[in-house]
>>> print(open('structure28.tsv').read())   # TSV, N, CA and C atoms
chain	number	residue	atom	x	y	z
A	1	MET	N	-89.45	85.76	-91.94
A	1	MET	CA	-89.13	84.74	-92.93
A	1	MET	C	-88.34	83.60	-92.29
A	2	LYS	N	-87.38	83.97	-91.41
A	2	LYS	CA	-86.56	82.96	-90.75
A	2	LYS	C	-87.42	82.04	-89.90
A	3	ASN	N	-88.39	82.61	-89.18
A	3	ASN	CA	-89.29	81.81	-88.34
A	3	ASN	C	-90.15	80.87	-89.18
A	4	VAL	N	-90.59	81.32	-90.34
A	4	VAL	CA	-91.40	80.49	-91.22
A	4	VAL	C	-90.59	79.30	-91.72
A	5	LEU	N	-89.33	79.54	-92.08
A	5	LEU	CA	-88.46	78.47	-92.56
A	5	LEU	C	-88.19	77.44	-91.45
A	6	ILE	N	-87.93	77.91	-90.27
A	6	ILE	CA	-87.69	77.01	-89.13
A	6	ILE	C	-88.95	76.20	-88.83
A	7	SER	N	-90.10	76.85	-88.86
A	7	SER	CA	-91.36	76.15	-88.61
A	7	SER	C	-91.61	75.08	-89.68
A	8	ALA	N	-91.35	75.40	-90.93
A	8	ALA	CA	-91.55	74.44	-92.01
A	8	ALA	C	-90.62	73.24	-91.85
A	9	MET	N	-89.38	73.49	-91.46
A	9	MET	CA	-88.43	72.40	-91.27
A	9	MET	C	-88.86	71.52	-90.09
A	10	LEU	N	-89.35	72.13	-89.04
A	10	LEU	CA	-89.81	71.38	-87.88
A	10	LEU	C	-91.02	70.50	-88.23
A	11	ILE	N	-91.96	71.06	-88.98
A	11	ILE	CA	-93.14	70.30	-89.41
A	11	ILE	C	-92.71	69.13	-90.30
A	12	LEU	N	-91.78	69.35	-91.19
A	12	LEU	CA	-91.29	68.27	-92.06
A	12	LEU	C	-90.63	67.17	-91.23
A	13	ALA	N	-89.81	67.54	-90.27
A	13	ALA	CA	-89.13	66.55	-89.43
A	13	ALA	C	-90.13	65.73	-88.62
A	14	VAL	N	-91.14	66.37	-88.07
A	14	VAL	CA	-92.17	65.66	-87.30
A	14	VAL	C	-92.94	64.71	-88.20
A	15	ASN	N	-93.30	65.17	-89.40
A	15	ASN	CA	-94.04	64.31	-90.33
A	15	ASN	C	-93.21	63.11	-90.76
A	16	LEU	N	-91.94	63.31	-91.04
A	16	LEU	CA	-91.09	62.19	-91.44
A	16	LEU	C	-90.91	61.19	-90.31
A	17	SER	N	-90.76	61.69	-89.09
A	17	SER	CA	-90.64	60.80	-87.92
A	17	SER	C	-91.91	60.00	-87.71
A	18	ALA	N	-93.05	60.66	-87.81
A	18	ALA	CA	-94.33	59.97	-87.63
A	18	ALA	C	-94.53	58.92	-88.72
A	19	GLN	N	-94.15	59.26	-89.94
A	19	GLN	CA	-94.29	58.33	-91.06
A	19	GLN	C	-93.37	57.12	-90.86
A	20	ALA	N	-92.16	57.34	-90.40
A	20	ALA	CA	-91.22	56.24	-90.17
A	20	ALA	C	-91.75	55.31	-89.08
A	21	LEU	N	-92.31	55.87	-88.01
A	21	LEU	CA	-92.87	55.05	-86.95
A	21	LEU	C	-94.07	54.26	-87.43
A	22	ALA	N	-94.92	54.90	-88.23
A	22	ALA	CA	-96.10	54.22	-88.75
A	22	ALA	C	-95.72	53.07	-89.68
A	23	ASN	N	-94.64	53.24	-90.41
A	23	ASN	CA	-94.18	52.20	-91.34
A	23	ASN	C	-93.22	51.23	-90.69
A	24	ASN	N	-92.93	51.44	-89.40
A	24	ASN	CA	-91.97	50.61	-88.67
A	24	ASN	C	-90.62	50.58	-89.37
A	25	THR	N	-90.20	51.73	-89.87
A	25	THR	CA	-88.91	51.80	-90.52
A	25	THR	C	-87.88	52.51	-89.65
A	26	SER	N	-88.24	52.76	-88.41
A	26	SER	CA	-87.27	53.37	-87.52
A	26	SER	C	-86.16	52.36	-87.25
A	27	PRO	N	-84.95	52.83	-86.98
A	27	PRO	CA	-83.85	51.88	-86.78
A	27	PRO	C	-84.08	51.03	-85.54
A	28	THR	N	-84.14	49.73	-85.72
A	28	THR	CA	-84.27	48.80	-84.61
A	28	THR	C	-83.30	47.66	-84.85
A	29	HIS	N	-82.95	47.00	-83.79
A	29	HIS	CA	-82.09	45.83	-83.92
A	29	HIS	C	-82.93	44.69	-84.46
A	30	ASP	N	-82.49	44.09	-85.52
A	30	ASP	CA	-83.22	42.98	-86.14
A	30	ASP	C	-82.47	41.70	-85.84
A	31	TYR	N	-82.94	40.98	-84.85
A	31	TYR	CA	-82.27	39.77	-84.36
A	31	TYR	C	-82.84	38.56	-85.05
A	32	MET	N	-82.07	37.93	-85.89
A	32	MET	CA	-82.47	36.72	-86.60
A	32	MET	C	-83.75	36.93	-87.40
A	33	GLY	N	-83.95	38.14	-87.95
A	33	GLY	CA	-85.10	38.38	-88.80
A	33	GLY	C	-86.39	38.67	-88.06
A	34	MET	N	-86.32	38.94	-86.77
A	34	MET	CA	-87.53	39.20	-86.00
A	34	MET	C	-87.42	40.56	-85.36
A	35	LYS	N	-88.41	41.42	-85.60
A	35	LYS	CA	-88.37	42.78	-85.07
A	35	LYS	C	-89.36	42.96	-83.93
A	36	ASN	N	-89.05	43.91	-83.07
A	36	ASN	CA	-89.94	44.39	-82.02
A	36	ASN	C	-90.42	43.31	-81.07
A	37	GLY	N	-89.54	42.38	-80.71
A	37	GLY	CA	-89.88	41.42	-79.68
A	37	GLY	C	-90.85	40.33	-80.08
A	38	GLY	N	-91.12	40.18	-81.34
A	38	GLY	CA	-92.04	39.15	-81.77
A	38	GLY	C	-91.68	38.68	-83.16
A	39	ALA	N	-92.36	37.70	-83.61
A	39	ALA	CA	-92.06	37.17	-84.93
A	39	ALA	C	-93.35	36.92	-85.67
A	40	SER	N	-93.37	37.36	-86.91
A	40	SER	CA	-94.52	37.04	-87.74
A	40	SER	C	-94.36	35.61	-88.24
A	41	THR	N	-95.41	35.07	-88.80
A	41	THR	CA	-95.35	33.70	-89.31
A	41	THR	C	-94.28	33.57	-90.37
A	42	SER	N	-94.17	34.57	-91.26
A	42	SER	CA	-93.16	34.47	-92.31
A	42	SER	C	-91.75	34.56	-91.73
A	43	ASN	N	-91.55	35.36	-90.69
A	43	ASN	CA	-90.22	35.46	-90.08
A	43	ASN	C	-89.82	34.17	-89.41
A	44	ILE	N	-90.78	33.48	-88.80
A	44	ILE	CA	-90.45	32.22	-88.14
A	44	ILE	C	-89.97	31.22	-89.18
A	45	LYS	N	-90.63	31.16	-90.32
A	45	LYS	CA	-90.24	30.22	-91.35
A	45	LYS	C	-88.85	30.55	-91.89
A	46	GLU	N	-88.50	31.85	-91.90
A	46	GLU	CA	-87.23	32.28	-92.44
A	46	GLU	C	-86.12	32.26	-91.40
A	47	ALA	N	-86.48	32.22	-90.13
A	47	ALA	CA	-85.48	32.28	-89.06
A	47	ALA	C	-84.57	31.07	-89.12
A	48	LYS	N	-83.30	31.31	-88.90
A	48	LYS	CA	-82.34	30.21	-88.82
A	48	LYS	C	-82.45	29.62	-87.42
A	49	LEU	N	-82.68	28.34	-87.37
A	49	LEU	CA	-82.81	27.68	-86.08
A	49	LEU	C	-81.45	27.22	-85.60
A	50	ALA	N	-81.26	27.28	-84.31
A	50	ALA	CA	-80.02	26.84	-83.68
A	50	ALA	C	-80.26	25.51	-82.98
A	51	ASP	N	-79.22	24.71	-82.88
A	51	ASP	CA	-79.30	23.43	-82.18
A	51	ASP	C	-78.99	23.63	-80.71
A	52	GLY	N	-79.70	22.89	-79.87
A	52	GLY	CA	-79.46	22.96	-78.44
A	52	GLY	C	-79.94	21.71	-77.75
A	53	VAL	N	-79.65	21.65	-76.45
A	53	VAL	CA	-80.11	20.54	-75.61
A	53	VAL	C	-80.77	21.16	-74.38
A	54	VAL	N	-81.96	20.67	-74.07
A	54	VAL	CA	-82.67	21.14	-72.87
A	54	VAL	C	-81.93	20.60	-71.65
A	55	THR	N	-81.55	21.50	-70.75
A	55	THR	CA	-80.88	21.06	-69.52
A	55	THR	C	-81.77	21.24	-68.30
A	56	LYS	N	-82.83	22.06	-68.43
A	56	LYS	CA	-83.73	22.27	-67.30
A	56	LYS	C	-85.03	22.91	-67.79
A	57	ILE	N	-86.14	22.49	-67.20
A	57	ILE	CA	-87.44	23.11	-67.42
A	57	ILE	C	-87.88	23.68	-66.08
A	58	ASP	N	-88.12	25.00	-66.04
A	58	ASP	CA	-88.55	25.64	-64.80
A	58	ASP	C	-89.94	26.23	-65.02
A	59	LYS	N	-90.96	25.45	-64.69
A	59	LYS	CA	-92.34	25.87	-64.92
A	59	LYS	C	-92.70	27.08	-64.07
A	60	LYS	N	-92.15	27.15	-62.87
A	60	LYS	CA	-92.46	28.26	-61.96
A	60	LYS	C	-92.03	29.61	-62.56
A	61	SER	N	-90.82	29.63	-63.14
A	61	SER	CA	-90.34	30.89	-63.73
A	61	SER	C	-90.70	31.01	-65.21
A	62	GLY	N	-91.21	29.92	-65.80
A	62	GLY	CA	-91.59	29.96	-67.22
A	62	GLY	C	-90.40	29.96	-68.15
A	63	LYS	N	-89.33	29.24	-67.76
A	63	LYS	CA	-88.11	29.26	-68.57
A	63	LYS	C	-87.62	27.86	-68.90
A	64	ILE	N	-86.96	27.77	-70.04
A	64	ILE	CA	-86.28	26.55	-70.46
A	64	ILE	C	-84.79	26.89	-70.53
A	65	THR	N	-83.97	26.09	-69.85
A	65	THR	CA	-82.53	26.28	-69.92
A	65	THR	C	-82.00	25.40	-71.06
A	66	LEU	N	-81.24	26.02	-71.94
A	66	LEU	CA	-80.68	25.33	-73.10
A	66	LEU	C	-79.17	25.45	-73.10
A	67	SER	N	-78.52	24.37	-73.47
A	67	SER	CA	-77.09	24.38	-73.75
A	67	SER	C	-76.99	24.39	-75.27
A	68	HIS	N	-76.26	25.36	-75.82
A	68	HIS	CA	-76.20	25.48	-77.28
A	68	HIS	C	-74.84	25.93	-77.74
A	69	GLY	N	-74.56	25.68	-78.99
A	69	GLY	CA	-73.35	26.18	-79.63
A	69	GLY	C	-73.56	27.61	-80.04
A	70	PRO	N	-72.62	28.18	-80.82
A	70	PRO	CA	-72.78	29.55	-81.30
A	70	PRO	C	-74.08	29.70	-82.10
A	71	LEU	N	-74.76	30.81	-81.89
A	71	LEU	CA	-76.03	31.06	-82.59
A	71	LEU	C	-75.79	31.84	-83.88
A	72	PRO	N	-76.72	31.75	-84.82
A	72	PRO	CA	-76.59	32.49	-86.08
A	72	PRO	C	-76.44	33.99	-85.87
A	73	SER	N	-76.93	34.50	-84.75
A	73	SER	CA	-76.85	35.93	-84.44
A	73	SER	C	-75.45	36.36	-84.02
A	74	GLY	N	-74.58	35.36	-83.73
A	74	GLY	CA	-73.25	35.69	-83.26
A	74	GLY	C	-73.06	35.43	-81.77
A	75	MET	N	-74.13	35.09	-81.07
A	75	MET	CA	-74.01	34.79	-79.65
A	75	MET	C	-73.13	33.55	-79.49
A	76	PRO	N	-72.19	33.59	-78.56
A	76	PRO	CA	-71.30	32.43	-78.38
A	76	PRO	C	-72.02	31.25	-77.72
A	77	ALA	N	-71.37	30.11	-77.77
A	77	ALA	CA	-71.91	28.90	-77.13
A	77	ALA	C	-72.03	29.15	-75.63
A	78	MET	N	-73.13	28.64	-75.05
A	78	MET	CA	-73.35	28.81	-73.62
A	78	MET	C	-74.53	27.97	-73.17
A	79	THR	N	-74.76	27.94	-71.88
A	79	THR	CA	-75.96	27.36	-71.29
A	79	THR	C	-76.68	28.51	-70.60
A	80	MET	N	-77.95	28.72	-70.97
A	80	MET	CA	-78.68	29.88	-70.45
A	80	MET	C	-80.17	29.57	-70.39
A	81	ALA	N	-80.84	30.16	-69.41
A	81	ALA	CA	-82.30	30.03	-69.28
A	81	ALA	C	-82.97	31.09	-70.14
A	82	TYR	N	-83.96	30.67	-70.91
A	82	TYR	CA	-84.69	31.57	-71.80
A	82	TYR	C	-86.18	31.49	-71.50
A	83	GLY	N	-86.85	32.63	-71.54
A	83	GLY	CA	-88.31	32.64	-71.46
A	83	GLY	C	-88.87	32.06	-72.75
A	84	VAL	N	-90.14	31.69	-72.71
A	84	VAL	CA	-90.77	31.08	-73.88
A	84	VAL	C	-92.00	31.87	-74.31
A	85	LYS	N	-92.21	31.91	-75.61
A	85	LYS	CA	-93.37	32.61	-76.17
A	85	LYS	C	-94.67	31.89	-75.80
A	86	ASP	N	-94.61	30.56	-75.76
A	86	ASP	CA	-95.79	29.75	-75.50
A	86	ASP	C	-95.53	28.87	-74.27
A	87	SER	N	-96.25	29.12	-73.20
A	87	SER	CA	-96.00	28.39	-71.96
A	87	SER	C	-96.32	26.89	-72.06
A	88	THR	N	-97.09	26.47	-73.05
A	88	THR	CA	-97.36	25.04	-73.21
A	88	THR	C	-96.09	24.27	-73.58
A	89	TRP	N	-95.10	24.96	-74.11
A	89	TRP	CA	-93.83	24.32	-74.46
A	89	TRP	C	-93.14	23.74	-73.22
A	90	LEU	N	-93.42	24.31	-72.06
A	90	LEU	CA	-92.79	23.83	-70.83
A	90	LEU	C	-93.19	22.40	-70.51
A	91	ASP	N	-94.35	21.98	-71.01
A	91	ASP	CA	-94.83	20.61	-70.80
A	91	ASP	C	-94.43	19.67	-71.93
A	92	LYS	N	-93.97	20.20	-73.04
A	92	LYS	CA	-93.69	19.38	-74.22
A	92	LYS	C	-92.25	18.91	-74.31
A	93	PHE	N	-91.36	19.52	-73.54
A	93	PHE	CA	-89.94	19.18	-73.63
A	93	PHE	C	-89.43	18.69	-72.29
A	94	LYS	N	-88.32	17.95	-72.30
A	94	LYS	CA	-87.77	17.39	-71.06
A	94	LYS	C	-86.25	17.51	-71.06
A	95	ASP	N	-85.67	17.39	-69.89
A	95	ASP	CA	-84.21	17.46	-69.75
A	95	ASP	C	-83.54	16.43	-70.67
A	96	GLY	N	-82.45	16.87	-71.31
A	96	GLY	CA	-81.68	15.99	-72.17
A	96	GLY	C	-82.18	15.91	-73.60
A	97	GLN	N	-83.32	16.53	-73.87
A	97	GLN	CA	-83.91	16.46	-75.21
A	97	GLN	C	-83.19	17.42	-76.16
A	98	LYS	N	-82.87	16.93	-77.37
A	98	LYS	CA	-82.26	17.78	-78.40
A	98	LYS	C	-83.36	18.57	-79.10
A	99	VAL	N	-83.09	19.87	-79.29
A	99	VAL	CA	-84.08	20.77	-79.91
A	99	VAL	C	-83.40	21.69	-80.92
A	100	ARG	N	-84.23	22.31	-81.73
A	100	ARG	CA	-83.82	23.42	-82.60
A	100	ARG	C	-84.71	24.59	-82.19
A	101	PHE	N	-84.15	25.80	-82.12
A	101	PHE	CA	-84.91	26.92	-81.57
A	101	PHE	C	-84.49	28.23	-82.21
A	102	ALA	N	-85.35	29.24	-82.04
A	102	ALA	CA	-85.08	30.60	-82.48
A	102	ALA	C	-85.42	31.55	-81.34
A	103	LEU	N	-84.66	32.63	-81.25
A	103	LEU	CA	-84.85	33.65	-80.21
A	103	LEU	C	-85.20	34.99	-80.85
A	104	ASN	N	-85.86	35.86	-80.10
A	104	ASN	CA	-86.06	37.23	-80.56
A	104	ASN	C	-85.13	38.18	-79.81
A	105	ASP	N	-85.28	39.47	-80.01
A	105	ASP	CA	-84.42	40.48	-79.37
A	105	ASP	C	-84.43	40.38	-77.85
A	106	ALA	N	-85.58	40.00	-77.30
A	106	ALA	CA	-85.74	39.95	-75.85
A	106	ALA	C	-85.25	38.62	-75.27
A	107	MET	N	-84.54	37.83	-76.09
A	107	MET	CA	-84.01	36.53	-75.68
A	107	MET	C	-85.13	35.59	-75.26
A	108	LEU	N	-86.24	35.68	-75.95
A	108	LEU	CA	-87.40	34.84	-75.74
A	108	LEU	C	-87.43	33.78	-76.84
A	109	ILE	N	-87.66	32.54	-76.46
A	109	ILE	CA	-87.75	31.48	-77.46
A	109	ILE	C	-89.07	31.68	-78.21
A	110	THR	N	-88.97	31.93	-79.51
A	110	THR	CA	-90.16	32.17	-80.33
A	110	THR	C	-90.53	30.97	-81.19
A	111	GLN	N	-89.62	30.03	-81.27
A	111	GLN	CA	-89.88	28.78	-81.99
A	111	GLN	C	-88.98	27.72	-81.40
A	112	ILE	N	-89.54	26.53	-81.20
A	112	ILE	CA	-88.75	25.42	-80.68
A	112	ILE	C	-89.37	24.13	-81.20
A	113	GLU	N	-88.50	23.21	-81.59
A	113	GLU	CA	-88.98	21.93	-82.09
A	113	GLU	C	-88.01	20.83	-81.66
A	114	SER	N	-88.56	19.65	-81.50
A	114	SER	CA	-87.76	18.50	-81.12
A	114	SER	C	-86.93	18.01	-82.30
A	115	VAL	N	-85.72	17.55	-82.01
A	115	VAL	CA	-84.87	16.94	-83.03
A	115	VAL	C	-84.92	15.44	-82.80
A	116	LYS	N	-85.23	14.71	-83.86
A	116	LYS	CA	-85.36	13.25	-83.71
A	116	LYS	C	-84.10	12.53	-84.11
>>> encode(input="structure28.tsv", output="structure tokens")
Amino acid sequence: MKNVLISAMLILAVNLSAQALANNTSPTHDYMGMKNGGASTSNIKEAKLADGVVTKIDKKSGKITLSHGPLPSGMPAMTMAYGVKDSTWLDKFKDGQKVRFALNDAMLITQIESVK
């Protein structure tokens, strides 16, 4: 009887874990409304954009260096190089340009736009 109870509990735990993974309800860090290293279209629209200034474009490494104030996520003000979701952005921006941007968990720029 004891073995049957342990087996039943184990099966229940495995099923609940599998169900949580299938529903993407496992505990993950949700950075600015974007989960699992990417952003859906609705999350991008809901993401709070941060203000920054482009200080360097490095096409070879695929990164844009931004100087920014504190981010909505709590990250302090700093100047840092970030990878980009879309490599065509490396040709669209230039040093000294003011931008608004959003990052995901992997510190990848998932949205960026020019500020006029």
>>> closest_residue(input="structure28.tsv", among="A:Gly74, A:Asp91, A:Thr79, A:Val99", to="A:Asp51", atoms="all atoms listed in the file")
A:Val99
>>> atom_distance(input="structure28.tsv", atom1="atom CA of A:Ser73", atom2="atom C of A:Lys59")
27.3 Å
>>> closest_residue(input="structure28.tsv", among="A:Val84, A:Leu71, A:Leu108, A:Ala77", to="A:Leu49", atoms="only C-alpha atoms")
A:Leu71
>>> residues_around(input="structure28.tsv", residues="A:Thr65", least_positions_apart="5", cutoff="7 Å", atoms="all atoms listed in the file", output="list of chain:residue names")
A:Val53, A:Val54, A:Thr55, A:Lys56, A:Ile57, A:Asp58, A:Thr79, A:Met80, A:Ala81, A:Tyr82
>>> atom_distance(input="structure28.tsv", atom1="atom CA of A:Asn104", atom2="atom C of A:Lys116")
25.0 Å
>>> closest_residue(input="structure28.tsv", among="A:Gly52, A:Gly62, A:Gly83, A:Gly69", to="A:Ile109", atoms="only N, CA and C atoms")
A:Gly83
>>> atom_distance(input="structure28.tsv", atom1="atom N of A:Thr88", atom2="atom N of A:Pro72")
24.1 Å
>>> residues_around(input="structure28.tsv", residues="A:Ala102", least_positions_apart="5", cutoff="7 Å", atoms="only N, CA and C atoms", output="list in words")
Ala47, Lys48, Leu49, Ala50, Leu108, Ile109, Thr110, Gln111, Ile112 and Glu113 of chain A
